[in-house]
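Below is the file model-v2.txt, which contains compact mmCIF, C-alpha atoms.
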# COMPACT_ATOMS: atom_id res chain seq x y z
CA MET X 889 24.34 -54.31 8.33
CA SER X 890 26.24 -54.40 5.10
CA TYR X 891 29.91 -54.91 4.69
CA VAL X 892 32.12 -53.62 1.95
CA THR X 893 34.00 -56.52 0.59
CA LEU X 894 37.15 -56.38 -1.40
CA ASP X 895 35.20 -57.49 -4.43
CA SER X 896 32.64 -54.64 -4.13
CA ALA X 897 35.38 -52.08 -3.46
CA ALA X 898 37.20 -53.23 -6.55
CA ARG X 899 34.00 -52.82 -8.59
CA LEU X 900 33.68 -49.21 -7.36
CA TRP X 901 37.07 -48.37 -8.77
CA HIS X 902 36.63 -50.33 -11.96
CA PRO X 903 36.94 -47.95 -14.95
CA GLU X 904 33.79 -49.27 -16.61
CA TRP X 905 31.60 -48.55 -13.56
CA TRP X 906 33.27 -45.20 -13.01
CA SER X 907 32.61 -44.00 -16.58
CA SER X 908 28.92 -45.03 -16.48
CA SER X 909 28.28 -43.33 -13.11
CA PHE X 910 30.24 -40.29 -14.27
CA LEU X 911 28.01 -40.03 -17.34
CA ALA X 912 24.93 -40.31 -15.14
CA MET X 913 26.27 -37.56 -12.87
CA ARG X 914 27.03 -35.39 -15.89
CA HIS X 915 23.38 -35.77 -16.91
CA ILE X 916 21.94 -35.08 -13.44
CA ALA X 917 24.30 -32.24 -12.41
CA PRO X 918 22.87 -29.58 -14.78
CA ILE X 919 19.33 -30.40 -13.65
CA VAL X 920 20.28 -30.06 -9.99
CA THR X 921 22.23 -26.88 -10.73
CA ARG X 922 19.31 -25.31 -12.61
CA ALA X 923 16.83 -26.30 -9.91
CA THR X 924 19.07 -24.78 -7.23
CA ALA X 925 19.50 -21.60 -9.27
CA CYS X 926 15.71 -21.32 -9.74
CA ILE X 927 15.07 -21.73 -6.03
CA VAL X 928 17.70 -19.14 -5.14
CA PHE X 929 16.37 -16.76 -7.81
CA ALA X 930 12.77 -17.15 -6.60
CA ALA X 931 13.80 -16.52 -3.02
CA ALA X 932 15.76 -13.43 -4.05
CA CYS X 933 12.85 -12.10 -6.12
CA SER X 934 10.37 -12.48 -3.32
CA ARG X 935 12.77 -10.79 -0.92
CA PHE X 936 13.41 -7.99 -3.41
CA ARG X 937 9.67 -7.50 -3.92
CA GLN X 938 9.20 -7.06 -0.18
CA LEU X 939 11.96 -4.46 -0.08
CA SER X 940 11.03 -2.55 -3.23
CA SER X 941 7.25 -2.44 -2.96
CA PRO X 942 5.99 0.89 -1.72
CA SER X 943 4.50 0.85 1.70
CA TYR X 944 1.51 3.02 2.37
CA SER X 945 0.71 3.96 5.88
CA VAL X 946 -2.89 3.43 6.80
CA ARG X 947 -4.43 6.40 8.48
CA PRO X 948 -7.56 5.92 10.48
CA ALA X 949 -10.49 8.04 9.39
CA ALA X 950 -11.09 11.15 11.40
CA SER X 951 -13.63 10.62 14.14
CA THR X 952 -15.81 13.42 12.77
CA PRO X 953 -15.51 15.55 9.65
CA PRO X 954 -15.48 19.33 10.06
CA SER X 955 -18.87 20.92 10.63
CA THR X 956 -20.44 23.30 8.14
CA ALA X 957 -19.71 26.15 10.58
CA THR X 958 -16.01 25.23 10.60
CA LEU X 959 -15.96 24.89 6.81
CA ALA X 960 -17.75 28.23 6.46
CA SER X 961 -15.08 29.99 8.51
CA GLN X 962 -12.31 28.28 6.50
CA TYR X 963 -13.76 29.46 3.19
CA GLY X 964 -14.79 32.99 4.21
CA CYS X 965 -18.51 32.43 4.79
CA THR X 966 -20.59 33.38 7.80
CA ALA X 967 -22.73 31.14 10.00
CA GLU X 968 -25.75 33.22 8.98
CA GLN X 969 -25.16 32.40 5.31
CA VAL X 970 -24.95 28.69 6.10
CA ALA X 971 -28.17 28.80 8.14
CA ALA X 972 -29.94 30.73 5.39
CA ASN X 973 -28.86 28.16 2.78
CA TRP X 974 -30.43 25.38 4.83
CA GLN X 975 -33.68 27.32 5.24
CA THR X 976 -34.11 28.74 1.73
CA ALA X 977 -32.40 26.30 -0.63
CA ARG X 978 -32.51 23.03 1.31
CA LEU X 979 -31.32 20.07 -0.82
CA GLN X 980 -31.46 22.05 -4.09
CA ILE X 981 -28.76 20.99 -6.55
CA ALA X 982 -26.38 23.92 -6.98
CA ARG X 983 -25.36 24.93 -10.48
CA SER X 984 -21.76 25.01 -11.60
CA GLY X 985 -20.18 28.38 -10.82
CA THR X 986 -22.29 29.08 -7.71
CA PRO X 987 -20.18 30.62 -4.92
CA ILE X 988 -19.37 28.25 -2.06
CA CYS X 989 -21.02 30.53 0.50
CA SER X 990 -24.35 30.07 -1.30
CA VAL X 991 -24.09 26.27 -1.09
CA LEU X 992 -22.58 25.39 2.30
CA GLY X 993 -25.32 24.13 4.57
CA ARG X 994 -27.80 23.20 1.82
CA TYR X 995 -27.20 19.48 2.31
CA GLY X 996 -26.67 19.43 6.08
CA GLU X 997 -23.51 18.33 7.84
CA PRO X 998 -20.91 16.57 5.67
CA LEU X 999 -20.23 12.86 6.11
CA SER X 1000 -16.71 13.30 4.73
CA VAL X 1001 -14.56 16.10 3.34
CA SER X 1002 -11.59 15.54 1.05
CA LYS X 1003 -9.17 18.08 -0.37
CA SER X 1004 -6.76 17.83 -3.28
CA SER X 1005 -4.80 20.13 -5.51
CA ALA X 1006 -3.52 20.06 -9.06
CA ALA X 1007 -1.69 22.57 -11.21
CA ASP X 1008 -3.11 26.04 -10.49
CA MET X 1009 -6.28 24.73 -8.82
CA GLN X 1010 -7.60 23.24 -5.59
CA LEU X 1011 -10.57 20.93 -5.11
CA VAL X 1012 -12.74 20.24 -2.09
CA SER X 1013 -15.29 17.47 -2.17
CA MET X 1014 -17.99 17.05 0.48
CA LEU X 1015 -20.20 14.01 0.80
CA HIS X 1016 -23.52 14.36 2.61
CA ARG X 1017 -26.09 11.70 3.51
CA GLN X 1018 -29.73 12.47 4.12
CA PRO X 1019 -31.97 10.46 6.49
CA ASN X 1020 -33.83 9.03 3.48
CA GLY X 1021 -30.57 7.39 2.30
CA ARG X 1022 -29.87 9.82 -0.53
CA TYR X 1023 -26.27 11.02 -0.93
CA TYR X 1024 -25.18 14.45 -2.15
CA ASN X 1025 -21.63 15.06 -3.36
CA ALA X 1026 -20.59 18.69 -3.78
CA THR X 1027 -17.25 19.47 -5.39
CA PHE X 1028 -15.84 22.98 -5.18
CA VAL X 1029 -12.91 24.42 -7.13
CA TYR X 1030 -10.53 27.32 -6.59
CA TYR X 1031 -8.51 28.56 -9.58
CA ALA X 1032 -5.23 30.28 -8.81
CA ASP X 1033 -4.21 33.39 -10.71
CA SER X 1034 -2.13 31.97 -13.55
CA LYS X 1035 -1.62 32.65 -17.23
CA VAL X 1036 -3.39 29.43 -18.23
CA ASN X 1037 -6.42 30.07 -16.02
CA ARG X 1038 -6.69 33.63 -17.34
CA GLN X 1039 -6.46 32.41 -20.95
CA LEU X 1040 -9.23 29.89 -20.24
CA ASN X 1041 -11.37 32.63 -18.63
CA ARG X 1042 -11.73 30.72 -15.40
CA PRO X 1043 -13.07 32.55 -12.34
CA ILE X 1044 -9.88 33.31 -10.45
CA GLY X 1045 -9.46 33.66 -6.71
CA ARG X 1046 -12.81 32.40 -5.40
CA TRP X 1047 -14.32 29.11 -4.36
CA ILE X 1048 -17.15 28.01 -6.68
CA VAL X 1049 -19.18 24.89 -7.32
CA ASP X 1050 -17.63 22.57 -9.87
CA ARG X 1051 -20.52 20.09 -9.67
CA VAL X 1052 -23.12 18.69 -7.32
CA THR X 1053 -24.49 15.19 -7.77
CA ALA X 1054 -27.13 13.26 -5.88
CA THR X 1055 -28.11 9.62 -5.81
CA ARG X 1056 -31.71 8.64 -6.56
Write the structure described by the file as structure tokens, please.
Amino acid sequence: MSYVTLDSAARLWHPEWWSSSFLAMRHIAPIVTRATACIVFAAACSRFRQLSSPSYSVRPAASTPPSTATLASQYGCTAEQVAANWQTARLQIARSGTPICSVLGRYGEPLSVSKSSAADMQLVSMLHRQPNGRYYNATFVYYADSKVNRQLNRPIGRWIVDRVTATR
């Protein structure tokens, strides 16, 4: 246990000691202030990042993609056309511009189907997997009736093959 004596108390209030400790505090205070400001700023930034970052909801994949029969009815094809494509043109790579009804069913049931749209056009991409491990990706396009599409001589108002690719 330490005791404050009159002598030590007098030294605390001595002007010489006071000026030296004051100078030391003047030197340390800006460092402490800056460190505190940095910590507060870092905490605020991390909190702001959590609030401002976009949050994307995660959707589970559909249990099963639509069947070729369902896709055929959505795009104006018949079940007979789909069956004929499988029998007559099985796994043949379709050329660009081929109507969708001549291609659906060629590669079997799709593994996944994705749809997107851009200015004056819609895209549908279908991924198929064959038992031998080969993948076929068929992308179809629909051009809306617009001035730009007419100027570019695009086939307007029907679903056609944009491209079909296959892995080796």
Next item on the list: Go through X:Pro953, X:Gly1021, X:Pro987, X:Pro918 one by one, measure the shortest atom-to-atom distance of each to Ile1048 in chain X using all atoms listed in the file, and give the residue with the smallest value.
Entry: X:Pro987
Contacts of His1016 in chain X at 7 Å or less, counting all atoms listed in the file, minus same-chain residues fewer than 3 places along, as a PDB file with C-alpha atoms, in the coordinates of the input?
ATOM      1  CA  TYR X 995     -27.200  19.480   2.310  1.00  0.00           C
ATOM      2  CA  GLY X 996     -26.670  19.430   6.080  1.00  0.00           C
ATOM      3  CA  GLU X 997     -23.510  18.330   7.840  1.00  0.00           C
ATOM      4  CA  PRO X 998     -20.910  16.570   5.670  1.00  0.00           C
ATOM      5  CA  LEU X 999     -20.230  12.860   6.110  1.00  0.00           C
ATOM      6  CA  TYR X1023     -26.270  11.020  -0.930  1.00  0.00           C
ATOM      7  CA  TYR X1024     -25.180  14.450  -2.150  1.00  0.00           C
ATOM      8  CA  ASN X1025     -21.630  15.060  -3.360  1.00  0.00           C
TER       9      ASN X1025
END
Note to self: Between CA of Arg1046 in chain X and CA of Val1029 in chain X, what is the distance in Å, rounded to a tenth?
What the structure shows: 8.2 Å
Margin query: Which residue is closest to Val1001 in chain X? Choose from X:Trp1047, X:Trp974, X:Phe929, X:Phe1028 and count all atoms listed in the file.
Written below: X:Phe1028
Next item on the list: Enter the distance from CA of Gly964 in chain X to CA of Thr1027 in chain X, in Å, rounded to one decimal.
Entry: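 The value is 16.8 Å.
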Checklist line | Contact residues around Ser1005 in chain X with all atoms listed in the file at 12 Å, ignoring same-chain residues under 6 positions, as a PyMOL selection string | finding: chain X and resi 1011-1013+1028-1032
Item checked: Straight-line distance linking CA of Gln969 in chain X with CA of Val1049 in chain X, stated in Å to one decimal -> 15.9 Å
Checklist line | Pick from X:Ile919, X:Met1014, X:Ala1026, X:Ile1044, whichever lies nearest to Ile981 in chain X using all atoms listed in the file | finding: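 Residue with the minimum atom-to-atom distance to Ile981 in chain X: X:Ala1026.
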Checklist line | Minimum-distance residue to Asp1008 in chain X, chosen among X:Arg1042, X:Arg994, X:Arg1022, X:Arg978 (using all atoms listed in the file) | finding: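 Ranking X:Arg1042, X:Arg994, X:Arg1022, X:Arg978 by distance to Asp1008 in chain X, first place goes to X:Arg1042.
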Item checked: Counting all atoms listed in the file, the option among X:Thr976, X:Thr924, X:Ser984, X:Ser990 closest to Ala960 in chain X ->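 Closest to Ala960 in chain X of all the choices is X:Ser990.
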